[in-house]
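Colleague: protein_2.cif is the file, holding mmCIF, C-alpha atoms and all ligand atoms:
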data_final
loop_
_atom_site.label_atom_id
_atom_site.label_comp_id
_atom_site.auth_asym_id
_atom_site.auth_seq_id
_atom_site.Cartn_x
_atom_site.Cartn_y
_atom_site.Cartn_z
CA MET A 1 92.91 87.57 121.43
CA GLN A 2 92.36 89.23 118.06
CA VAL A 3 92.08 93.05 118.38
CA THR A 4 88.96 93.35 116.22
CA SER A 5 87.40 91.32 113.44
CA GLY A 6 86.19 94.52 111.74
CA MET A 7 83.05 96.59 111.78
CA VAL A 8 79.47 95.29 111.99
CA GLY A 9 78.82 94.03 108.44
CA GLN A 10 75.85 93.41 106.14
CA GLY A 11 75.54 97.11 105.40
CA PHE A 12 75.37 98.24 109.03
CA TYR A 13 78.69 100.11 108.99
CA ASN A 14 77.88 101.73 105.64
CA ASP A 15 74.51 102.85 107.00
CA ASN A 16 75.94 104.32 110.20
CA SER A 17 79.16 106.02 109.15
CA ALA A 18 78.04 109.46 107.99
CA PRO A 19 80.10 111.12 110.79
CA GLN A 20 83.24 109.40 109.46
CA LEU A 21 82.41 110.70 105.97
CA SER A 22 82.19 114.26 107.37
CA ALA A 23 85.65 113.82 108.85
CA ILE A 24 86.98 112.39 105.56
CA SER A 25 85.39 115.14 103.45
CA TYR A 26 87.21 117.82 105.44
CA VAL A 27 90.61 116.65 104.15
CA LEU A 28 89.62 115.37 100.70
CA SER A 29 90.57 118.67 99.06
CA TRP A 30 94.16 117.99 100.15
CA LEU A 31 94.21 115.28 97.50
CA ASP A 32 93.02 117.44 94.61
CA ASP A 33 96.42 118.79 93.60
CA ALA A 34 98.51 116.10 95.24
CA PHE A 35 99.42 114.53 91.90
CA ASP A 36 100.38 117.70 90.14
CA GLN A 37 104.05 117.51 91.14
CA LEU A 38 104.36 113.73 90.86
CA VAL A 39 106.86 112.93 88.11
CA LEU A 40 106.16 109.48 86.70
CA ASP A 41 109.12 107.57 85.33
CA ASP A 42 108.95 106.27 81.74
CA GLN A 43 108.43 102.69 82.93
CA THR A 44 105.18 103.51 84.75
CA ALA A 45 102.39 101.37 83.30
CA THR A 46 99.78 101.70 86.05
CA ILE A 47 98.88 104.24 88.72
CA GLY A 48 98.26 102.55 92.08
CA LEU A 49 95.74 104.02 94.55
CA VAL A 50 95.12 102.28 97.87
CA ASP A 51 92.83 102.90 100.82
CA PHE A 52 93.66 101.01 104.02
CA GLY A 53 90.89 100.22 106.54
CA CYS A 54 88.15 100.43 103.90
CA SER A 55 85.47 98.54 105.89
CA GLU A 56 82.29 98.02 103.83
CA GLY A 57 83.43 100.58 101.31
CA ALA A 58 80.84 103.36 101.03
CA ASN A 59 83.30 105.95 102.35
CA SER A 60 86.32 104.28 100.78
CA VAL A 61 84.81 104.34 97.29
CA ALA A 62 83.99 108.05 97.74
CA VAL A 63 87.66 108.69 98.57
CA LEU A 64 89.05 106.81 95.58
CA LYS A 65 86.55 108.50 93.23
CA ARG A 66 88.02 111.83 94.26
CA LEU A 67 91.57 110.53 93.84
CA ILE A 68 90.79 109.27 90.34
CA VAL A 69 89.63 112.77 89.37
CA ALA A 70 92.91 114.13 90.74
CA VAL A 71 94.97 111.62 88.74
CA ARG A 72 93.03 112.21 85.54
CA LYS A 73 94.07 115.91 85.56
CA THR A 74 97.56 114.80 84.51
CA SER A 75 97.48 111.15 83.43
CA ASP A 76 95.36 108.80 81.34
CA LEU A 77 97.32 105.69 82.36
CA PRO A 78 95.40 102.67 83.68
CA ILE A 79 94.59 103.00 87.37
CA GLN A 80 94.57 100.14 89.85
CA THR A 81 92.36 100.93 92.87
CA ILE A 82 92.82 98.75 95.94
CA HIS A 83 90.57 98.67 99.00
CA SER A 84 92.24 96.91 101.92
CA ASP A 85 91.09 95.79 105.36
CA LEU A 86 91.49 92.91 107.78
CA PRO A 87 90.82 89.47 106.26
CA THR A 88 87.82 89.14 108.62
CA ASN A 89 86.24 92.36 107.29
CA ASP A 90 82.88 91.95 105.55
CA PHE A 91 83.90 92.80 101.96
CA SER A 92 80.59 91.74 100.38
CA GLU A 93 78.98 95.22 100.31
CA LEU A 94 82.20 96.62 98.87
CA PHE A 95 82.20 94.10 96.02
CA LEU A 96 78.66 95.16 95.13
CA ARG A 97 79.69 98.82 95.17
CA LEU A 98 82.55 98.05 92.82
CA SER A 99 80.42 96.12 90.37
CA PRO A 100 79.15 98.09 87.34
CA LYS A 101 76.41 95.44 86.98
CA GLU A 102 75.13 96.54 90.39
CA GLY A 103 75.33 100.21 89.43
CA GLY A 104 78.71 100.64 91.16
CA GLY A 105 82.28 101.04 89.98
CA TYR A 106 84.25 104.07 88.92
CA ASP A 107 82.74 105.19 85.59
CA ASP A 108 86.14 104.94 83.93
CA ASP A 109 87.00 102.00 81.66
CA ASN A 110 90.64 102.36 82.51
CA VAL A 111 90.17 101.84 86.27
CA PHE A 112 90.57 98.31 87.68
CA SER A 113 89.51 97.53 91.24
CA ALA A 114 90.82 94.98 93.69
CA THR A 115 90.63 94.24 97.40
CA VAL A 116 93.38 92.98 99.67
CA GLY A 117 92.85 91.36 103.05
CA GLY A 118 95.62 91.88 105.60
CA SER A 119 96.82 94.08 108.43
CA MET A 120 97.82 97.58 107.43
CA PHE A 121 100.79 97.28 109.80
CA ASP A 122 102.35 94.83 107.32
CA GLN A 123 103.54 95.36 103.76
CA LEU A 124 100.65 94.10 101.61
CA LEU A 125 101.58 95.27 98.11
CA PRO A 126 104.59 94.95 95.79
CA PRO A 127 107.50 97.37 96.20
CA LYS A 128 107.06 100.74 94.50
CA SER A 129 103.62 99.83 93.10
CA VAL A 130 101.59 102.56 94.84
CA HIS A 131 101.31 106.26 93.93
CA PHE A 132 98.81 107.30 96.57
CA ALA A 133 97.88 105.60 99.85
CA THR A 134 95.21 106.76 102.28
CA THR A 135 93.75 105.65 105.58
CA PHE A 136 90.72 107.16 107.30
CA ASN A 137 89.35 106.62 110.80
CA ALA A 138 91.28 103.37 111.12
CA ILE A 139 94.86 103.66 112.37
CA GLY A 140 93.65 104.21 115.95
CA PHE A 141 92.77 100.49 116.05
CA LEU A 142 95.88 99.11 117.73
CA SER A 143 97.86 96.16 116.36
CA LYS A 144 97.47 94.20 119.59
CA ARG A 145 96.15 94.24 123.17
CA PRO A 146 99.31 95.27 125.03
CA LEU A 147 97.82 94.69 128.52
CA GLU A 148 95.89 91.67 129.76
CA GLN A 149 93.40 93.94 131.46
CA LEU A 150 92.41 97.58 131.92
CA PRO A 151 90.37 97.41 135.12
CA GLY A 152 89.48 101.10 135.48
CA TYR A 153 87.82 101.84 132.13
CA ILE A 154 87.07 100.31 128.73
CA LEU A 155 89.36 102.53 126.61
CA PRO A 156 93.07 103.41 126.91
CA ASN A 157 92.34 107.16 126.74
CA GLY A 158 90.19 107.00 129.89
CA PRO A 159 86.82 108.61 130.62
CA SER A 160 85.83 112.13 129.62
CA LYS A 161 86.54 114.94 132.11
CA GLN A 162 82.83 115.61 132.15
CA ARG A 163 81.69 112.06 133.00
CA ALA A 164 84.82 111.03 134.97
CA VAL A 165 83.55 107.54 135.79
CA GLY A 166 86.57 105.25 136.01
CA GLN A 167 90.24 105.87 135.39
CA VAL A 168 93.29 104.77 133.44
CA THR A 169 96.62 105.13 135.25
CA LYS A 170 99.51 107.13 133.79
CA ALA A 171 101.53 103.90 133.53
CA GLU A 172 98.74 102.18 131.57
CA GLU A 173 98.28 105.21 129.33
CA LYS A 174 102.01 105.19 128.53
CA VAL A 175 101.90 101.57 127.34
CA PHE A 176 99.14 102.43 124.85
CA ALA A 177 100.75 105.70 123.72
CA GLU A 178 104.00 103.84 123.01
CA LEU A 179 102.17 101.14 121.07
CA ALA A 180 100.32 103.80 119.05
CA TYR A 181 103.69 105.36 118.21
CA SER A 182 105.28 102.08 117.09
CA ASP A 183 102.13 101.08 115.17
CA LEU A 184 102.36 104.31 113.22
CA GLN A 185 106.02 103.62 112.49
CA ASP A 186 105.17 100.10 111.28
CA PHE A 187 102.39 101.47 109.09
CA ALA A 188 104.72 104.13 107.65
CA LYS A 189 107.52 101.61 106.99
CA ALA A 190 105.12 99.30 105.17
CA ARG A 191 103.76 102.16 103.05
CA ALA A 192 107.30 103.44 102.36
CA ALA A 193 108.11 100.06 100.81
CA GLU A 194 104.99 100.14 98.61
CA LEU A 195 105.09 103.78 97.49
CA VAL A 196 107.07 105.12 94.55
CA PRO A 197 109.45 108.00 95.34
CA GLY A 198 107.32 111.15 95.36
CA GLY A 199 104.21 109.05 96.17
CA LYS A 200 101.75 110.49 98.67
CA LEU A 201 100.41 109.16 101.95
CA LEU A 202 97.38 110.70 103.68
CA ILE A 203 96.80 109.53 107.24
CA GLN A 204 93.61 110.71 108.92
CA VAL A 205 92.10 109.41 112.14
CA PHE A 206 89.72 110.30 114.99
CA GLY A 207 91.61 112.38 117.51
CA ALA A 208 92.08 114.01 120.89
CA GLY A 209 92.45 117.71 121.67
CA ASP A 210 92.54 119.85 124.82
CA GLU A 211 88.83 120.57 124.80
CA PHE A 212 87.26 117.63 122.96
CA ARG A 213 88.20 114.05 122.20
CA THR A 214 86.19 111.89 119.81
CA CYS A 215 86.10 109.13 122.44
CA ASP A 216 84.26 111.33 124.98
CA GLY A 217 80.59 110.62 125.39
CA LEU A 218 80.39 107.46 123.33
CA TYR A 219 82.81 105.31 125.35
CA ASP A 220 81.35 106.81 128.53
CA VAL A 221 77.93 105.52 127.62
CA LEU A 222 79.32 102.14 126.53
CA ASN A 223 81.23 101.92 129.83
CA ASP A 224 78.10 102.79 131.81
CA ALA A 225 76.11 100.14 129.91
CA VAL A 226 78.73 97.45 130.55
CA LEU A 227 78.84 98.40 134.26
CA GLU A 228 75.07 97.95 134.28
CA ALA A 229 75.65 94.39 132.98
CA VAL A 230 78.00 93.86 135.96
CA ASP A 231 75.34 95.21 138.36
CA GLN A 232 72.82 92.81 136.88
CA ALA A 233 75.27 89.91 137.27
CA MET A 234 75.30 89.24 133.52
CA ILE A 235 79.10 89.50 133.68
CA SER A 236 81.49 89.49 136.65
CA GLN A 237 83.72 92.33 137.84
CA GLY A 238 86.65 90.20 136.61
CA ASP A 239 85.08 90.08 133.13
CA TYR A 240 84.76 93.87 133.18
CA ASP A 241 88.42 94.22 134.25
CA GLN A 242 89.70 92.31 131.23
CA TYR A 243 87.36 93.94 128.68
CA TYR A 244 88.60 96.98 126.82
CA GLN A 245 88.49 98.40 123.31
CA PRO A 246 92.10 98.43 122.00
CA VAL A 247 91.73 101.75 120.23
CA TYR A 248 93.85 104.86 120.82
CA PHE A 249 92.83 108.46 120.14
CA ARG A 250 95.92 110.48 119.13
CA THR A 251 96.67 114.16 119.51
CA LEU A 252 98.05 115.92 116.44
CA LYS A 253 101.49 115.85 118.06
CA GLU A 254 101.21 112.07 118.45
CA LEU A 255 100.30 111.72 114.79
CA THR A 256 103.20 113.77 113.47
CA ALA A 257 105.88 112.77 116.03
CA PRO A 258 107.14 109.66 114.19
CA PHE A 259 107.77 111.84 111.11
CA GLU A 260 109.45 114.65 113.06
CA ASP A 261 111.50 112.96 115.80
CA PRO A 262 115.12 112.90 114.64
CA ASP A 263 115.53 109.42 116.20
CA SER A 264 112.46 107.94 114.51
CA GLU A 265 113.27 105.38 111.82
CA VAL A 266 110.57 106.72 109.50
CA ALA A 267 111.52 110.41 109.69
CA ASN A 268 113.96 109.86 106.80
CA LEU A 269 111.38 108.10 104.64
CA PHE A 270 108.77 110.86 104.37
CA THR A 271 108.47 114.64 104.15
CA LEU A 272 105.58 115.99 106.23
CA GLU A 273 103.73 118.37 103.87
CA ARG A 274 100.88 119.48 106.08
CA SER A 275 98.95 118.41 109.16
CA GLU A 276 95.87 119.59 110.98
CA PHE A 277 93.66 119.06 114.01
CA TYR A 278 90.02 119.82 113.21
CA GLU A 279 86.43 119.31 114.27
CA VAL A 280 83.53 118.48 111.96
CA THR A 281 79.79 118.72 112.46
CA VAL A 282 78.12 115.38 113.07
CA PRO A 283 74.93 114.78 111.03
CA PHE A 284 72.97 113.10 113.86
CA VAL A 285 73.92 115.86 116.32
CA GLN A 286 72.89 118.56 113.81
CA GLU A 287 69.60 116.76 113.22
CA TYR A 288 68.93 116.58 116.97
CA GLU A 289 69.66 120.30 117.37
CA LYS A 290 67.19 120.99 114.59
CA THR A 291 64.35 118.63 115.57
CA GLY A 292 64.90 117.88 119.29
CA ASP A 293 63.84 114.29 118.52
CA ILE A 294 65.59 112.39 121.30
CA ASP A 295 64.50 108.92 120.11
CA VAL A 296 66.03 109.41 116.66
CA TYR A 297 69.17 110.92 118.22
CA ALA A 298 69.65 108.08 120.75
CA ALA A 299 69.19 105.42 118.04
CA ALA A 300 71.54 107.12 115.55
CA TYR A 301 74.19 107.80 118.21
CA THR A 302 74.10 104.19 119.45
CA ASN A 303 74.14 102.65 115.96
CA PHE A 304 77.07 104.89 115.06
CA PHE A 305 79.31 103.54 117.82
CA ARG A 306 77.83 100.04 117.76
CA ALA A 307 79.13 99.73 114.18
CA PHE A 308 82.76 99.93 115.36
CA THR A 309 82.61 98.58 118.94
CA GLU A 310 80.38 95.50 118.69
CA ALA A 311 83.01 93.20 117.15
CA VAL A 312 85.45 93.93 119.98
CA LEU A 313 82.77 93.34 122.61
CA ARG A 314 81.96 89.99 120.99
CA LEU A 315 85.63 88.93 120.88
CA ASN A 316 86.08 89.84 124.55
CA PHE A 317 83.03 87.88 125.65
CA ALA A 318 83.26 85.08 123.06
CA ASN A 319 82.92 82.42 125.78
CA HIS A 320 79.91 84.03 127.47
CA PRO A 321 77.04 81.50 127.71
CA SER A 322 74.46 84.09 126.51
CA LEU A 323 76.53 86.26 124.19
CA GLU A 324 73.62 87.45 122.02
CA THR A 325 71.60 88.50 125.07
CA LEU A 326 74.61 90.32 126.51
CA VAL A 327 75.35 92.19 123.27
CA GLU A 328 71.71 93.24 122.85
CA PHE A 329 71.54 94.31 126.49
CA VAL A 330 74.67 96.49 126.25
CA PHE A 331 73.48 98.39 123.18
CA ASP A 332 69.84 98.64 124.33
CA GLN A 333 71.11 99.99 127.63
CA SER A 334 73.41 102.44 125.80
CA GLU A 335 70.51 103.78 123.75
CA LYS A 336 68.37 104.12 126.86
CA LEU A 337 71.10 106.05 128.68
CA VAL A 338 71.59 108.46 125.75
CA ARG A 339 67.83 109.00 125.63
CA GLN A 340 67.66 109.69 129.37
CA TYR A 341 70.83 111.78 129.75
CA PRO A 342 71.82 113.29 126.40
CA GLU A 343 73.81 116.10 128.04
CA ARG A 344 75.93 113.56 129.98
CA TYR A 345 77.19 111.97 126.74
CA GLU A 346 77.81 115.03 124.56
CA PHE A 347 79.67 114.05 121.39
CA HIS A 348 82.20 115.94 119.25
CA TYR A 349 84.05 114.53 116.23
CA VAL A 350 87.60 115.83 116.22
CA ALA A 351 90.23 114.39 113.92
CA VAL A 352 93.90 114.64 113.05
CA ALA A 353 95.44 114.31 109.62
CA ALA A 354 98.85 114.42 107.96
CA LEU A 355 99.84 114.49 104.30
CA LEU A 356 103.26 113.02 103.56
CA THR A 357 105.47 112.54 100.51
CA ARG A 358 107.71 109.48 100.10
CA LYS A 359 111.31 110.67 99.83
CA ALA A 360 113.58 109.20 97.21
CA ASP A 361 116.06 106.66 98.63
CA PRO A 362 119.51 108.21 99.10
C1 LIG B 401 86.00 102.91 111.68
S1 LIG B 401 86.37 101.90 110.32
C2 LIG B 401 86.80 103.10 109.09
C3 LIG B 401 86.28 102.73 107.74
C4 LIG B 401 86.46 103.79 106.66
N1 LIG B 401 87.86 104.04 106.41
C5 LIG B 401 85.77 105.07 107.07
O1 LIG B 401 86.46 106.05 107.39
O2 LIG B 401 84.56 105.10 107.10
C6 LIG B 401 87.94 101.24 110.76
C7 LIG B 401 88.40 100.14 109.83
O3 LIG B 401 89.76 99.82 110.13
C8 LIG B 401 89.90 98.42 110.00
N2 LIG B 401 91.10 97.97 110.70
C9 LIG B 401 91.33 97.91 112.03
N3 LIG B 401 92.55 97.43 112.26
C10 LIG B 401 93.12 97.19 111.04
C11 LIG B 401 94.37 96.68 110.60
N4 LIG B 401 95.32 96.33 111.48
N5 LIG B 401 94.59 96.57 109.28
C12 LIG B 401 93.65 96.93 108.38
N6 LIG B 401 92.45 97.43 108.73
C13 LIG B 401 92.19 97.55 110.05
C14 LIG B 401 88.62 97.86 110.58
O4 LIG B 401 88.40 96.52 110.18
C15 LIG B 401 87.60 98.83 110.01
O5 LIG B 401 87.08 98.40 108.80
#
So that I can check it, write out the structure of this file as structure tokens.
Modeller:
Amino acid sequence: MQVTSGMVGQGFYNDNSAPQLSAISYVLSWLDDAFDQLVLDDQTATIGLVDFGCSEGANSVAVLKRLIVAVRKTSDLPIQTIHSDLPTNDFSELFLRLSPKEGGGYDDDNVFSATVGGSMFDQLLPPKSVHFATTFNAIGFLSKRPLEQLPGYILPNGPSKQRAVGQVTKAEEKVFAELAYSDLQDFAKARAAELVPGGKLLIQVFGAGDEFRTCDGLYDVLNDAVLEAVDQAMISQGDYDQYYQPVYFRTLKELTAPFEDPDSEVANLFTLERSEFYEVTVPFVQEYEKTGDIDVYAAAYTNFFRAFTEAVLRLNFANHPSLETLVEFVFDQSEKLVRQYPERYEFHYVAVAALLTRKADP
């Protein structure tokens, strides 16, 4: 089974990803002086900037705009911007955002945009063609489903301490943690091939800390909604057992380990410049604190996680005789639960990020 086909398209991800933009904005200043020390060789004709896991592009275009400003401090060479995601991603909104005729694009005649469909765990671009690569809120999506089923919960990281409905065994957790580690190595090896020596790589993703994990609350409510579908005999217990979201929430240590472990094959390819675990405020949570409007909060919260979980739900239940009814039921039920028990599904956006420099080959 495919891991995910992408986010909900037709503008839905763009419209419901303000929390991801908050998490991106926190680290964007890391890029501002990232080019200052980059020494371009005389042969350089084009500066390559790539964002992996771009989805529908609203956030991805914001990132590359900032990177273009950073490049233009020191270079007026042509810039090639590339937005990349899975081939099944809905790229149509992104194309509109990149089109000057539609009021999009980069306001710089010497910037040329392209998109590339493929898995970020593979090399997708020519050797030494990239000067800066980024990925935001994406590398937690695993490269495969390493277990046939995860009967105790719908996410490898398990339920929140607060909700504590369901469980993931230590043995199961280990399988996912190891896959997350090797995925990160594969991603880093692919980027190492594409980057020029001295090129930069910024990896940011939703995370897990001692107090908060970004999965808490939202996967609890999704789990409760899917269990409700079991109770109502819309799906069987066996269906529940095999359904899970193949997404892993890393600690900061898990993000940096492949670049620090002496035995790791990518430790020699990159220098770790800086890394951070952080929390950002979430616009729909802030709004709820201000207005107390539970209906608006429940709808915004549900649409936020629907945008990145619906495709996986659909793939898991692709053979269900009433798939549309099931999908609507799960998200209606989720919204209802958030409205009824907001304190049960408290949400915090924590993230981890690392800035790396490609070392020169020995
Ligand atoms: C939550 S979205 C993040 C979008 C955007 N970067 C942001 O921060 O708003 C995650 C994206 O990662 C993409 N993705 C998941 N697995 C991928 C893979 N193996 N290769 C490339 N993209 C992948 C999904 O299709 C989706 O568009």
Colleague: So how far away is CA of Leu64 (chain A) from CA of Arg274 (chain A), in Å?
Modeller: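 Computed distance, CA of Arg274 (chain A) to CA of Leu64 (chain A), equals 20.3 Å.
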Colleague: Figure out the distance between CA of Phe317 (chain A) and CA of Gln232 (chain A), please, to one decimal in Å.
Modeller: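 Value for the CA of Gln232 (chain A)-CA of Phe317 (chain A) distance: 16.0 Å.
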Colleague: With all atoms listed in the file counted, collect every polymer residue having an atom within 6 Å of ligand LIG 401 (chain B); state the result as a list of chain:residue names.
Modeller: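 Every residue with an atom at most 6 Å from ligand LIG 401 (chain B) is listed here: A:Gly6, A:Met7, A:Ser17, A:Gln20, A:Phe52, A:Gly53, A:Cys54, A:Ser55, A:Asn59, A:Ser60, A:Asp85, A:Leu86, A:Asn89, A:Ser119, A:Met120, A:Phe121, A:Phe136, A:Asn137, A:Ala138, A:Phe141, A:Ser143, A:Phe308.
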Colleague: Would you save the residues from that selection as a short mmCIF file (atom, residue, chain, number, x, y, z; two decimals), keeping the file's coordinate frame, using C-alpha atoms?
Modeller:
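out18.cif written:
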data_model
loop_
_atom_site.label_atom_id
_atom_site.label_comp_id
_atom_site.auth_asym_id
_atom_site.auth_seq_id
_atom_site.Cartn_x
_atom_site.Cartn_y
_atom_site.Cartn_z
CA GLY A 6 86.19 94.52 111.74
CA MET A 7 83.05 96.59 111.78
CA SER A 17 79.16 106.02 109.15
CA GLN A 20 83.24 109.40 109.46
CA PHE A 52 93.66 101.01 104.02
CA GLY A 53 90.89 100.22 106.54
CA CYS A 54 88.15 100.43 103.90
CA SER A 55 85.47 98.54 105.89
CA ASN A 59 83.30 105.95 102.35
CA SER A 60 86.32 104.28 100.78
CA ASP A 85 91.09 95.79 105.36
CA LEU A 86 91.49 92.91 107.78
CA ASN A 89 86.24 92.36 107.29
CA SER A 119 96.82 94.08 108.43
CA MET A 120 97.82 97.58 107.43
CA PHE A 121 100.79 97.28 109.80
CA PHE A 136 90.72 107.16 107.30
CA ASN A 137 89.35 106.62 110.80
CA ALA A 138 91.28 103.37 111.12
CA PHE A 141 92.77 100.49 116.05
CA SER A 143 97.86 96.16 116.36
CA PHE A 308 82.76 99.93 115.36
#
Colleague: So how far away is CA of Ala307 (chain A) from CA of Leu125 (chain A), in Å?
Modeller: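 CA of Leu125 (chain A) sits 28.0 Å away from CA of Ala307 (chain A).
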Colleague: Of the candidates A:Asn14, A:Ser236, A:Thr134, A:Asn110, which shows the shortest atom-to-atom distance to His83 (chain A), using all atoms listed in the file?
Modeller: A:Thr134
Colleague: Do a neighbour search on Ile154 (chain A) at 8 Å with only C-alpha atoms, toss out local chain neighbours closer than 3 positions, and write the hits as a PyMOL selection string.
Modeller: chain A and resi 150-151+158+219+223+243-245
Colleague: Tell me which protein, DNA and RNA residues are within 10 Å of Ser75 (chain A), counting only C-alpha atoms, leaving out same-chain ones fewer than 4 positions away, and put them as a PDB file with C-alpha atoms, in the coordinates of the input.
Modeller:
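Here's the written file selection_11.pdb:
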ATOM      1  CA  PHE A  35      99.420 114.530  91.900  1.00  0.00           C
ATOM      2  CA  ASP A  36     100.380 117.700  90.140  1.00  0.00           C
ATOM      3  CA  LEU A  40     106.160 109.480  86.700  1.00  0.00           C
ATOM      4  CA  ILE A  47      98.880 104.240  88.720  1.00  0.00           C
ATOM      5  CA  ILE A  68      90.790 109.270  90.340  1.00  0.00           C
ATOM      6  CA  VAL A  69      89.630 112.770  89.370  1.00  0.00           C
ATOM      7  CA  ALA A  70      92.910 114.130  90.740  1.00  0.00           C
ATOM      8  CA  VAL A  71      94.970 111.620  88.740  1.00  0.00           C
ATOM      9  CA  ILE A  79      94.590 103.000  87.370  1.00  0.00           C
TER      10      ILE A  79
END
Colleague: Between A:Ala300, A:Pro146, A:Pro159, A:Asn268, which one has atoms that come closest to Lys174 (chain A), using only C-alpha atoms?
Modeller: A:Pro146
Colleague: So which one's closest to Leu252 (chain A), A:Phe270, A:Phe212, A:Tyr240, A:Tyr278? Using all atoms listed in the file, please.
Modeller: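 Looking at the shortest contact to Leu252 (chain A), the residue is A:Tyr278.
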Colleague: Excluding Ser182 (chain A) and any residue of its chain fewer than 5 positions from it, enumerate the residues within 10 Å of it, using only C-alpha atoms, and give them as number ranges by chain.
Modeller: A: 121, 142-143, 176-177, 187-188, 258, 264
Colleague: Which residues come within 12 Å of Gln43 (chain A), counting all atoms listed in the file, excluding same-chain residues fewer than 3 positions away, as a ChimeraX atom specification?
Modeller: /A:39-40,46-47,77,128-129,196
Colleague: Residues within 12 Å of Val338 (chain A), please, as a list in words. Count all atoms listed in the file; anything in the same chain fewer than 4 positions from it doesn't count.
Modeller: Gly217, Leu218, Tyr219, Asp220, Val221, Leu222, Asp224, Ala225, Ile294, Asp295, Val296, Tyr297, Ala298, Ala299, Ala300, Tyr301, Thr302, Asn303, Phe331, Asp332, Gln333, Ser334, Pro342, Glu343, Arg344, Tyr345, Glu346 and Phe347 of chain A
Colleague: Which of these, A:Ser5, A:Lys290, A:Lys65, A:Cys215, has the shortest distance to Val312 (chain A) once you count all atoms listed in the file?
Modeller: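 Counting all atoms listed in the file, the residue closest to Val312 (chain A) is A:Ser5.
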Colleague: Using all atoms listed in the file, can you tell me which of A:Met234, A:Gly9, A:Val350, A:Phe305 comes closest to Glu335 (chain A)?
Modeller: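 Smallest separation from Glu335 (chain A) among the options: A:Phe305.
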Colleague: Check the smallest atom-to-atom distance from each of A:Ala192, A:Val61, A:Ala311, A:Leu326 to Leu269 (chain A) using all atoms listed in the file, then report the winner.
Modeller: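 The answer is A:Ala192, which sits nearest to Leu269 (chain A).
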Colleague: Can you spit out region 36-55 of chain A with C-alpha atoms, as a PDB file, in the first residue's frame, from the structure just given?
Modeller:
ATOM      1  CA  ASP A  36      26.963  34.745   2.885  1.00  0.00           C
ATOM      2  CA  GLN A  37      29.801  32.239   3.239  1.00  0.00           C
ATOM      3  CA  LEU A  38      28.948  30.200   0.147  1.00  0.00           C
ATOM      4  CA  VAL A  39      31.822  30.496  -2.320  1.00  0.00           C
ATOM      5  CA  LEU A  40      30.562  29.893  -5.848  1.00  0.00           C
ATOM      6  CA  ASP A  41      33.013  28.409  -8.309  1.00  0.00           C
ATOM      7  CA  ASP A  42      33.658  30.254 -11.588  1.00  0.00           C
ATOM      8  CA  GLN A  43      31.631  27.704 -13.560  1.00  0.00           C
ATOM      9  CA  THR A  44      28.415  28.414 -11.644  1.00  0.00           C
ATOM     10  CA  ALA A  45      25.746  29.538 -14.110  1.00  0.00           C
ATOM     11  CA  THR A  46      22.616  29.033 -12.001  1.00  0.00           C
ATOM     12  CA  ILE A  47      21.739  29.012  -8.306  1.00  0.00           C
ATOM     13  CA  GLY A  48      19.512  26.047  -7.438  1.00  0.00           C
ATOM     14  CA  LEU A  49      16.927  26.329  -4.632  1.00  0.00           C
ATOM     15  CA  VAL A  50      14.692  23.365  -3.829  1.00  0.00           C
ATOM     16  CA  ASP A  51      11.879  22.738  -1.377  1.00  0.00           C
ATOM     17  CA  PHE A  52      10.908  19.092  -0.816  1.00  0.00           C
ATOM     18  CA  GLY A  53       7.357  18.204   0.291  1.00  0.00           C
ATOM     19  CA  CYS A  54       5.901  21.432  -1.131  1.00  0.00           C
ATOM     20  CA  SER A  55       2.243  20.268  -1.210  1.00  0.00           C
TER      21      SER A  55
END
